[in-house]
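S.K.: Dropping the structure in here first, questions after.
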Amino acid sequence: MYAIERQDEIFQILKERKSVSVNELSKELFVSPATVRRDLSVMEKSGLIRRSHGGAILTGSSSDESSIIMREQENVVEKKEIAAVAVRLVKNNISLFLDSSSTVGKIVPLLARFNFISIVTNGLKNALLLSETTKARIYVACGMIQSQSNSILGADTVEYCSKLHTDIAFMSCNGIDIDNGMTEASIEQAKVKQTMLKNSSLKILLADKSKFGKTFMARSGGFGDIDYLITDVMPSPEYVAAIEASGCKILLP
């Protein structure tokens, strides 16, 4: 089988399953894992798929928010490193906005050490984890449940968050572009994040290197709307220049 035929077969498998591991593809296509990885690398460069931990997932459109299950499997080490930096900005007796992202979710277990903190979130999974691992007072935003991302979204969510103010907002995004700033696949998700940013004193974006150079449908804010960008690798010089020119500071592990 030629490489182009193999890659087409991989694409068809992903269309059916949405995600697949290297080992599964190796067995089904009767080729070595190394060959599968080379094919996946080629396909990722063409924008057909995204590499995940141990496999690949089908790339959604700029208006299609990926499943939280998939996102939780991506760049796990990098997200934990970012969370370890972010938690240094937390102290006792403060309030936090936490979005529903898997990146922000990595902060949650680290909050157990703090006392008298109040947390507002629109993430069902993050709220449950907070209740299991922290002593925080937890507020869950009202609204419609978007099951794919475990998010609570909609006009009611925006209204709820607009009536509150927190010391810090921690959030992530689907993509970061030098011209468009932070973007989301979901308009509803972007509106909630805009509201959290507007109603917090310190605004912190958590985003690993895979988010850079990607643009999705809905803009949640620009670099000037955040105080700190925490990422795992220093961005390219043009990104650094644009970010720092806006007054935002970059923090690394």
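Scheme for the structure tokens: letters A, B, ... for chains in order shown; per-chain residue numbers from 1; ligand numbers from 1 in order shown.
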Quick one: residues within 10 Å of Ile10 of chain A, only C-alpha atoms, excluding same-chain residues fewer than 2 positions away - as a ChimeraX atom specification?
M.R.: /A:4-8,12-15,20,25,28-29,36,39-40,43,49,56
S.K.: Which neighbours of Ala245 of chain A fall inside 12 Å, counting only C-alpha atoms, when residues of the same chain fewer than 6 positions from it are skipped, and could you give them as a CSV table (one decimal) with C-alpha atoms, in the first residue's frame?
M.R.:
chain,number,residue,atom,x,y,z
A,178,ILE,CA,-1.1,37.3,16.3
A,222,GLY,CA,-7.0,40.4,22.5
A,223,PHE,CA,-3.6,40.4,24.2
A,224,GLY,CA,-4.5,43.7,25.8
A,227,ASP,CA,-2.4,40.5,32.3
A,237,PRO,CA,9.7,36.6,18.5
A,238,GLU,CA,6.8,38.2,16.6
A,239,TYR,CA,4.3,36.8,19.1
S.K.: If we count only C-alpha atoms, what is near segment 157-159 of chain A at a cut-off of 8 Å, once residues fewer than 4 positions away on the same chain are taken out, given as a ChimeraX atom specification?
M.R.: /A:122,141-144,152-153,163,191-192,195
S.K.: Produce a file of the selected residues containing N, CA and C atoms, as a PDB file, in the first residue's frame.
M.R.:
ATOM      1  N   ASN A 122     -17.974  27.728  35.075  1.00  0.00           N
ATOM      2  CA  ASN A 122     -19.023  27.250  34.159  1.00  0.00           C
ATOM      3  C   ASN A 122     -18.673  25.852  33.653  1.00  0.00           C
ATOM      4  N   ALA A 141     -22.156  28.460  37.566  1.00  0.00           N
ATOM      5  CA  ALA A 141     -22.994  29.347  36.770  1.00  0.00           C
ATOM      6  C   ALA A 141     -24.216  28.603  36.219  1.00  0.00           C
ATOM      7  N   CYS A 142     -25.330  29.299  36.123  1.00  0.00           N
ATOM      8  CA  CYS A 142     -26.535  28.691  35.558  1.00  0.00           C
ATOM      9  C   CYS A 142     -26.491  28.791  34.038  1.00  0.00           C
ATOM     10  N   GLY A 143     -27.346  28.041  33.371  1.00  0.00           N
ATOM     11  CA  GLY A 143     -27.404  28.093  31.928  1.00  0.00           C
ATOM     12  C   GLY A 143     -27.645  26.734  31.304  1.00  0.00           C
ATOM     13  N   MET A 144     -27.336  26.631  30.030  1.00  0.00           N
ATOM     14  CA  MET A 144     -27.536  25.402  29.264  1.00  0.00           C
ATOM     15  C   MET A 144     -26.268  24.560  29.281  1.00  0.00           C
ATOM     16  N   ILE A 152     -21.251  24.980  30.892  1.00  0.00           N
ATOM     17  CA  ILE A 152     -22.550  25.623  31.045  1.00  0.00           C
ATOM     18  C   ILE A 152     -22.461  26.944  30.294  1.00  0.00           C
ATOM     19  N   LEU A 153     -23.344  27.134  29.322  1.00  0.00           N
ATOM     20  CA  LEU A 153     -23.241  28.259  28.402  1.00  0.00           C
ATOM     21  C   LEU A 153     -24.598  28.913  28.177  1.00  0.00           C
ATOM     22  N   LYS A 163     -22.824  39.596  37.020  1.00  0.00           N
ATOM     23  CA  LYS A 163     -23.225  40.153  38.315  1.00  0.00           C
ATOM     24  C   LYS A 163     -22.188  39.901  39.403  1.00  0.00           C
ATOM     25  N   LYS A 191     -18.408  34.305  24.648  1.00  0.00           N
ATOM     26  CA  LYS A 191     -19.131  35.333  25.394  1.00  0.00           C
ATOM     27  C   LYS A 191     -18.957  35.162  26.906  1.00  0.00           C
ATOM     28  N   VAL A 192     -18.968  33.917  27.369  1.00  0.00           N
ATOM     29  CA  VAL A 192     -18.763  33.670  28.796  1.00  0.00           C
ATOM     30  C   VAL A 192     -17.360  34.110  29.208  1.00  0.00           C
ATOM     31  N   THR A 195     -16.993  37.825  29.483  1.00  0.00           N
ATOM     32  CA  THR A 195     -17.610  38.322  30.710  1.00  0.00           C
ATOM     33  C   THR A 195     -16.719  38.075  31.919  1.00  0.00           C
TER      34      THR A 195
END
S.K.: Report, in Å to a single decimal, how far apart atom CA of Leu58 of chain A and atom CA of Ile187 of chain A are.
M.R.: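 We find that atom CA of Ile187 of chain A and atom CA of Leu58 of chain A lie 21.2 Å from each other.
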S.K.: May I ask for the distance between atom CA of Gln194 of chain A and atom CA of Leu252 of chain A, given in Å to one decimal place?
M.R.: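 Separation between atom CA of Gln194 of chain A and atom CA of Leu252 of chain A: 24.0 Å.
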S.K.: Taking 6 positions as the minimum chain separation for residues in the same chain, which residues sit within 6 Å of Ser151 of chain A when counting only C-alpha atoms? Answer as number ranges by chain.
M.R.: A: 100, 122-123, 145
S.K.: Restricting the output to N, CA, C and O atoms, write the selected residues as a CSV table (one decimal), in the first residue's frame.
M.R.:
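Output file result_20.csv is given in full below:
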chain,number,residue,atom,x,y,z
A,100,SER,N,-14.2,26.4,31.8
A,100,SER,CA,-14.5,24.9,31.7
A,100,SER,C,-13.4,24.1,31.0
A,100,SER,O,-13.6,22.9,30.8
A,122,ASN,N,-18.0,27.7,35.1
A,122,ASN,CA,-19.0,27.2,34.2
A,122,ASN,C,-18.7,25.9,33.7
A,122,ASN,O,-19.2,25.4,32.7
A,123,GLY,N,-17.8,25.2,34.3
A,123,GLY,CA,-17.4,23.8,34.0
A,123,GLY,C,-17.9,22.8,34.9
A,123,GLY,O,-17.6,22.8,36.1
A,145,ILE,N,-26.4,23.3,29.5
A,145,ILE,CA,-25.3,22.4,29.5
A,145,ILE,C,-24.9,22.0,28.0
A,145,ILE,O,-25.7,21.5,27.3
S.K.: With distances taken over only C-alpha atoms, which of A:Ile94, A:Val240, A:Leu128, A:Leu206 is nearest to Met171 of chain A?
M.R.: A:Leu206
S.K.: My list of candidates is A:Asp99, A:Asp156, A:Asp208, A:Asp232. Which is closest to Ala190 of chain A when distances are computed with only C-alpha atoms?
M.R.: A:Asp99
S.K.: Of the candidates A:Glu184, A:Ile82, A:Val90, A:Gly54, which shows the shortest atom-to-atom distance to Ala34 of chain A, using only C-alpha atoms?
M.R.: A:Gly54
S.K.: Grab the atom CA of Phe216 of chain A to atom CA of Glu188 of chain A distance for me, in Å with one decimal place.
M.R.: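 Separation of atom CA of Phe216 of chain A and atom CA of Glu188 of chain A: 12.9 Å.
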S.K.: Using only C-alpha atoms, which residue out of A:Phe114, A:Phe170, A:Tyr228, A:Tyr2 lies closest to Lys193 of chain A?
M.R.: A:Phe170
S.K.: Would you mind telling me which residue in A:Leu129, A:Cys161, A:Leu124, A:Ala3 lies nearest to Ser147 of chain A when using only C-alpha atoms?
M.R.: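 Using only C-alpha atoms, the shortest distance to Ser147 of chain A belongs to A:Leu124.
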S.K.: Can you list, as a count of residues only, every protein, DNA or RNA residue that comes within 9 Å of Thr231 of chain A when you count only C-alpha atoms, leaving out same-chain residues fewer than 2 positions away?
M.R.: 17
S.K.: Please list as a list of chain:residue names every residue within 8 Å of Leu197 of chain A, counting only C-alpha atoms and excluding residues in the same chain fewer than 5 positions away.
M.R.: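 So, after excluding close chain neighbours, the residues are A:Ala169, A:Lys203, A:Asp225, A:Ile226.
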S.K.: Using the selection just defined, write its residues with all heavy atoms as an mmCIF file, in the first residue's frame.
M.R.:
data_model
loop_
_atom_site.group_PDB
_atom_site.id
_atom_site.type_symbol
_atom_site.label_atom_id
_atom_site.label_comp_id
_atom_site.auth_asym_id
_atom_site.auth_seq_id
_atom_site.Cartn_x
_atom_site.Cartn_y
_atom_site.Cartn_z
ATOM 1 N N ALA A 169 -9.188 35.721 37.149
ATOM 2 C CA ALA A 169 -9.850 34.855 36.171
ATOM 3 C C ALA A 169 -8.788 33.999 35.507
ATOM 4 O O ALA A 169 -7.810 34.519 34.952
ATOM 5 C CB ALA A 169 -10.583 35.679 35.120
ATOM 6 N N LYS A 203 -6.317 39.006 35.083
ATOM 7 C CA LYS A 203 -6.797 38.150 34.000
ATOM 8 C C LYS A 203 -5.630 37.306 33.472
ATOM 9 O O LYS A 203 -4.631 37.867 33.014
ATOM 10 C CB LYS A 203 -7.400 39.010 32.895
ATOM 11 C CG LYS A 203 -8.399 40.049 33.438
ATOM 12 C CD LYS A 203 -8.442 41.267 32.536
ATOM 13 C CE LYS A 203 -8.936 42.508 33.230
ATOM 14 N NZ LYS A 203 -10.153 42.433 33.971
ATOM 15 N N ASP A 225 -6.292 42.363 26.712
ATOM 16 C CA ASP A 225 -7.348 42.016 27.677
ATOM 17 C C ASP A 225 -6.865 41.093 28.783
ATOM 18 O O ASP A 225 -7.636 40.764 29.688
ATOM 19 C CB ASP A 225 -8.525 41.352 26.949
ATOM 20 C CG ASP A 225 -9.195 42.292 25.968
ATOM 21 O OD1 ASP A 225 -9.435 43.452 26.346
ATOM 22 O OD2 ASP A 225 -9.459 41.876 24.826
ATOM 23 N N ILE A 226 -5.620 40.638 28.689
ATOM 24 C CA ILE A 226 -5.084 39.738 29.716
ATOM 25 C C ILE A 226 -3.810 40.332 30.329
ATOM 26 O O ILE A 226 -3.085 41.091 29.689
ATOM 27 C CB ILE A 226 -4.789 38.329 29.158
ATOM 28 C CG1 ILE A 226 -3.884 38.403 27.922
ATOM 29 C CG2 ILE A 226 -6.079 37.602 28.850
ATOM 30 C CD1 ILE A 226 -3.482 37.050 27.389
#
S.K.: Between A:Ile243, A:Asp167, A:Met196, A:Ile230, which is the closest to Gly181 of chain A once you count only C-alpha atoms?
M.R.: A:Ile243
